[in-house]
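Structure file query-v4.cif (mmCIF, C-alpha atoms) is printed below.
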data_entry
#
loop_
_atom_site.group_PDB
_atom_site.id
_atom_site.type_symbol
_atom_site.label_atom_id
_atom_site.label_comp_id
_atom_site.auth_asym_id
_atom_site.auth_seq_id
_atom_site.Cartn_x
_atom_site.Cartn_y
_atom_site.Cartn_z
ATOM 1 C CA MET A 1 -13.701 -12.353 -4.726
ATOM 2 C CA TYR A 2 -12.652 -9.464 -7.061
ATOM 3 C CA SER A 3 -13.797 -9.281 -10.673
ATOM 4 C CA ASP A 4 -11.607 -8.483 -13.675
ATOM 5 C CA ASP A 5 -13.462 -5.160 -13.977
ATOM 6 C CA ASP A 6 -12.554 -4.317 -10.371
ATOM 7 C CA LEU A 7 -8.899 -5.037 -11.059
ATOM 8 C CA LEU A 8 -8.851 -3.278 -14.440
ATOM 9 C CA SER A 9 -10.146 -0.074 -12.875
ATOM 10 C CA LEU A 10 -6.994 0.000 -10.739
ATOM 11 C CA ARG A 11 -4.845 0.698 -13.788
ATOM 12 C CA SER A 12 -6.775 3.727 -15.031
ATOM 13 C CA TRP A 13 -7.570 5.214 -11.626
ATOM 14 C CA ARG A 14 -4.209 4.354 -9.944
ATOM 15 C CA PRO A 15 -5.350 4.593 -6.325
ATOM 16 C CA ASN A 16 -3.165 3.702 -3.378
ATOM 17 C CA ILE A 17 -4.167 0.195 -2.305
ATOM 18 C CA LEU A 18 -4.008 -1.490 1.083
ATOM 19 C CA LEU A 19 -3.975 -5.294 0.998
ATOM 20 C CA ILE A 20 -4.888 -6.852 4.325
ATOM 21 C CA GLY A 21 -4.555 -10.476 5.343
ATOM 22 C CA GLN A 22 -1.912 -13.136 5.709
ATOM 23 C CA PRO A 23 -2.263 -14.602 2.210
ATOM 24 C CA ALA A 24 -2.427 -11.149 0.594
ATOM 25 C CA ALA A 25 1.120 -11.184 -0.721
ATOM 26 C CA ALA A 26 0.913 -14.687 -2.123
ATOM 27 C CA ASP A 27 -2.542 -14.631 -3.715
ATOM 28 C CA LEU A 28 -3.854 -11.126 -4.269
ATOM 29 C CA LEU A 29 -0.685 -9.085 -4.771
ATOM 30 C CA PRO A 30 0.296 -10.610 -8.161
ATOM 31 C CA LEU A 31 -3.205 -9.927 -9.521
ATOM 32 C CA VAL A 32 -3.147 -6.338 -8.312
ATOM 33 C CA LEU A 33 0.365 -5.681 -9.614
ATOM 34 C CA SER A 34 -0.522 -7.010 -13.060
ATOM 35 C CA ARG A 35 -2.907 -4.044 -13.320
ATOM 36 C CA CYS A 36 -0.573 -1.403 -11.852
ATOM 37 C CA ARG A 37 1.702 1.030 -13.634
ATOM 38 C CA PRO A 38 5.269 -0.179 -14.226
ATOM 39 C CA PRO A 39 7.984 -0.134 -13.104
ATOM 40 C CA VAL A 40 7.221 -1.883 -9.810
ATOM 41 C CA TYR A 41 9.536 -1.415 -6.832
ATOM 42 C CA GLU A 42 9.285 -3.555 -3.695
ATOM 43 C CA ILE A 43 10.306 -2.222 -0.298
ATOM 44 C CA HIS A 44 10.307 -4.344 2.845
ATOM 45 C CA GLY A 45 9.791 -2.865 6.292
ATOM 46 C CA GLY A 46 11.242 0.560 6.868
ATOM 47 C CA ARG A 47 13.838 0.742 4.082
ATOM 48 C CA LEU A 48 12.566 4.054 2.773
ATOM 49 C CA SER A 49 15.879 5.668 1.888
ATOM 50 C CA ALA A 50 15.714 5.352 -1.910
ATOM 51 C CA MET A 51 12.068 5.821 -2.831
ATOM 52 C CA PRO A 52 11.349 6.068 -6.582
ATOM 53 C CA ALA A 53 9.665 8.944 -8.365
ATOM 54 C CA ASP A 54 7.484 6.941 -10.770
ATOM 55 C CA GLY A 55 5.656 3.656 -11.241
ATOM 56 C CA THR A 56 4.277 1.566 -8.403
ATOM 57 C CA VAL A 57 5.807 0.999 -4.971
ATOM 58 C CA VAL A 58 4.955 -2.113 -2.974
ATOM 59 C CA LEU A 59 5.412 -1.601 0.758
ATOM 60 C CA ARG A 60 5.506 -4.902 2.599
ATOM 61 C CA ASP A 61 5.205 -5.295 6.359
ATOM 62 C CA LEU A 62 3.511 -1.915 6.697
ATOM 63 C CA ASP A 63 2.489 -2.703 10.268
ATOM 64 C CA ASP A 64 6.195 -2.917 11.243
ATOM 65 C CA LEU A 65 6.969 0.746 10.455
ATOM 66 C CA ASP A 66 8.072 2.688 13.529
ATOM 67 C CA PRO A 67 6.758 6.250 14.090
ATOM 68 C CA GLY A 68 9.813 7.848 12.422
ATOM 69 C CA GLU A 69 9.441 5.653 9.344
ATOM 70 C CA GLN A 70 5.727 6.473 9.229
ATOM 71 C CA ARG A 71 6.497 10.216 9.260
ATOM 72 C CA ALA A 72 9.147 9.780 6.537
ATOM 73 C CA LEU A 73 6.704 7.820 4.359
ATOM 74 C CA PHE A 74 4.000 10.453 4.819
ATOM 75 C CA ARG A 75 6.439 13.238 3.842
ATOM 76 C CA TRP A 76 7.512 11.256 0.760
ATOM 77 C CA LEU A 77 3.859 10.809 -0.265
ATOM 78 C CA ASP A 78 3.340 14.574 0.039
ATOM 79 C CA ILE A 79 6.354 15.280 -2.168
ATOM 80 C CA GLN A 80 5.270 12.760 -4.826
ATOM 81 C CA GLY A 81 1.876 14.382 -5.207
ATOM 82 C CA GLY A 82 0.236 11.252 -6.615
ATOM 83 C CA ARG A 83 2.887 10.454 -9.242
ATOM 84 C CA VAL A 84 3.580 7.088 -7.617
ATOM 85 C CA GLN A 85 0.956 4.476 -6.871
ATOM 86 C CA VAL A 86 1.492 2.719 -3.540
ATOM 87 C CA VAL A 87 0.389 -0.842 -2.838
ATOM 88 C CA SER A 88 0.780 -1.601 0.882
ATOM 89 C CA VAL A 89 0.655 -5.059 2.396
ATOM 90 C CA ALA A 90 -0.248 -5.678 6.033
ATOM 91 C CA PRO A 91 -0.805 -9.186 7.393
ATOM 92 C CA THR A 92 -3.258 -7.885 9.996
ATOM 93 C CA PRO A 93 -5.787 -5.024 9.980
ATOM 94 C CA LEU A 94 -4.140 -1.647 10.632
ATOM 95 C CA PHE A 95 -7.110 0.212 12.076
ATOM 96 C CA PRO A 96 -6.679 -1.298 15.570
ATOM 97 C CA LEU A 97 -3.098 0.077 15.510
ATOM 98 C CA VAL A 98 -4.480 3.488 14.509
ATOM 99 C CA ALA A 99 -7.044 3.330 17.327
ATOM 100 C CA ASP A 100 -4.264 2.488 19.819
ATOM 101 C CA GLY A 101 -2.061 5.343 18.574
ATOM 102 C CA GLU A 102 0.592 2.949 17.228
ATOM 103 C CA PHE A 103 0.059 3.818 13.558
ATOM 104 C CA SER A 104 -0.413 7.279 12.053
ATOM 105 C CA GLU A 105 -4.051 8.015 11.265
ATOM 106 C CA ALA A 106 -3.087 10.423 8.461
ATOM 107 C CA LEU A 107 -0.809 7.817 6.852
ATOM 108 C CA PHE A 108 -3.455 5.117 7.225
ATOM 109 C CA TYR A 109 -6.008 7.155 5.279
ATOM 110 C CA ARG A 110 -3.434 8.203 2.664
ATOM 111 C CA LEU A 111 -2.554 4.559 1.932
ATOM 112 C CA ASN A 112 -6.100 3.258 2.311
ATOM 113 C CA MET A 113 -7.826 4.687 -0.788
ATOM 114 C CA VAL A 114 -8.833 1.159 -1.776
ATOM 115 C CA THR A 115 -8.753 -1.695 0.734
ATOM 116 C CA MET A 116 -8.676 -5.279 -0.470
ATOM 117 C CA HIS A 117 -9.014 -8.136 1.990
ATOM 118 C CA ALA A 118 -7.386 -11.437 1.139
ATOM 119 C CA ALA A 119 -9.618 -14.416 1.743
ATOM 120 C CA ASP A 120 -8.688 -16.657 4.661
ATOM 121 C CA GLN A 121 -7.465 -20.046 3.606
#

Target format structure tokens, applied to this file:
Amino acid sequence: MYSDDDLLSLRSWRPNILLIGQPAAADLLPLVLSRCRPPVYEIHGGRLSAMPADGTVVLRDLDDLDPGEQRALFRWLDIQGGRVQVVSVAPTPLFPLVADGEFSEALFYRLNMVTMHAADQ
């Protein structure tokens, strides 16, 4: 799957990470977060009102964001200027939503610096 070297590089490079797959949160997320910069904040769905200014943000249920929430998240990412690492979790691939116009292409590429696919169980 992913080697320790792969995961260790996440800490020094601090890219935004997109985890795709149903078991992503249960299996892969703890490994990824152990190599991310603290503190870690978890946000479910579109609750974007109190976004932090440091550390790592975990966005769960990314595919459930409506267009307004997607725009707000993109604006927040612009303001942060890379100070916050974002780990996004989507149970299904997002690119089909981008292709159908249901998910922002710009946001997809901003959150998709590193994509990690959880293995099917």

Handout entry: Reference answer for the PyMOL selection byres ((chain A and resi 88-104) around 6), as a ChimeraX atom specification
Key = /A:18-22,58-63,87,105-107

Hey, can you spit out that residue selection with C-alpha atoms as a PDB file, in the frame of the given file?
ATOM      1  CA  LEU A  18      -4.008  -1.490   1.083  1.00  0.00           C
ATOM      2  CA  LEU A  19      -3.975  -5.294   0.998  1.00  0.00           C
ATOM      3  CA  ILE A  20      -4.888  -6.852   4.325  1.00  0.00           C
ATOM      4  CA  GLY A  21      -4.555 -10.476   5.343  1.00  0.00           C
ATOM      5  CA  GLN A  22      -1.912 -13.136   5.709  1.00  0.00           C
ATOM      6  CA  VAL A  58       4.955  -2.113  -2.974  1.00  0.00           C
ATOM      7  CA  LEU A  59       5.412  -1.601   0.758  1.00  0.00           C
ATOM      8  CA  ARG A  60       5.506  -4.902   2.599  1.00  0.00           C
ATOM      9  CA  ASP A  61       5.205  -5.295   6.359  1.00  0.00           C
ATOM     10  CA  LEU A  62       3.511  -1.915   6.697  1.00  0.00           C
ATOM     11  CA  ASP A  63       2.489  -2.703  10.268  1.00  0.00           C
ATOM     12  CA  VAL A  87       0.389  -0.842  -2.838  1.00  0.00           C
ATOM     13  CA  GLU A 105      -4.051   8.015  11.265  1.00  0.00           C
ATOM     14  CA  ALA A 106      -3.087  10.423   8.461  1.00  0.00           C
ATOM     15  CA  LEU A 107      -0.809   7.817   6.852  1.00  0.00           C
TER      16      LEU A 107
END

Problem - Closest of A:His117, A:Arg83, A:Arg14, A:Arg37 to Pro52 in chain A - atom-to-atom distances counting only C-alpha atoms - result: A:Arg83

Fill in the blank from the handout: What separates CA of Trp76 in chain A and CA of Pro30 in chain A is a distance of 24.7 Å

Practice task
Please indicate the distance in Å from CA of Leu65 in chain A to CA of Gly81 in chain A, rounded to one decimal place.
Solution key: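 Computed distance, CA of Leu65 in chain A to CA of Gly81 in chain A, equals 21.4 Å.
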
Problem - Interatomic distance (Å, one decimal) between CA of Met116 in chain A and CA of Gly68 in chain A - result: 26.1 Å

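Between Asn112 in chain A and the candidates A:Ile79, A:Val40, A:Met51, A:Ile17, the tightest atom-to-atom separation, counting only C-alpha atoms, involves A:Ile17.
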
Practice task
Spell out the residues picked by the PyMOL selection byres ((chain A and resi 84) around 8) here, as a ChimeraX atom specification.
Solution key: /A:52-57,80-83,85-86
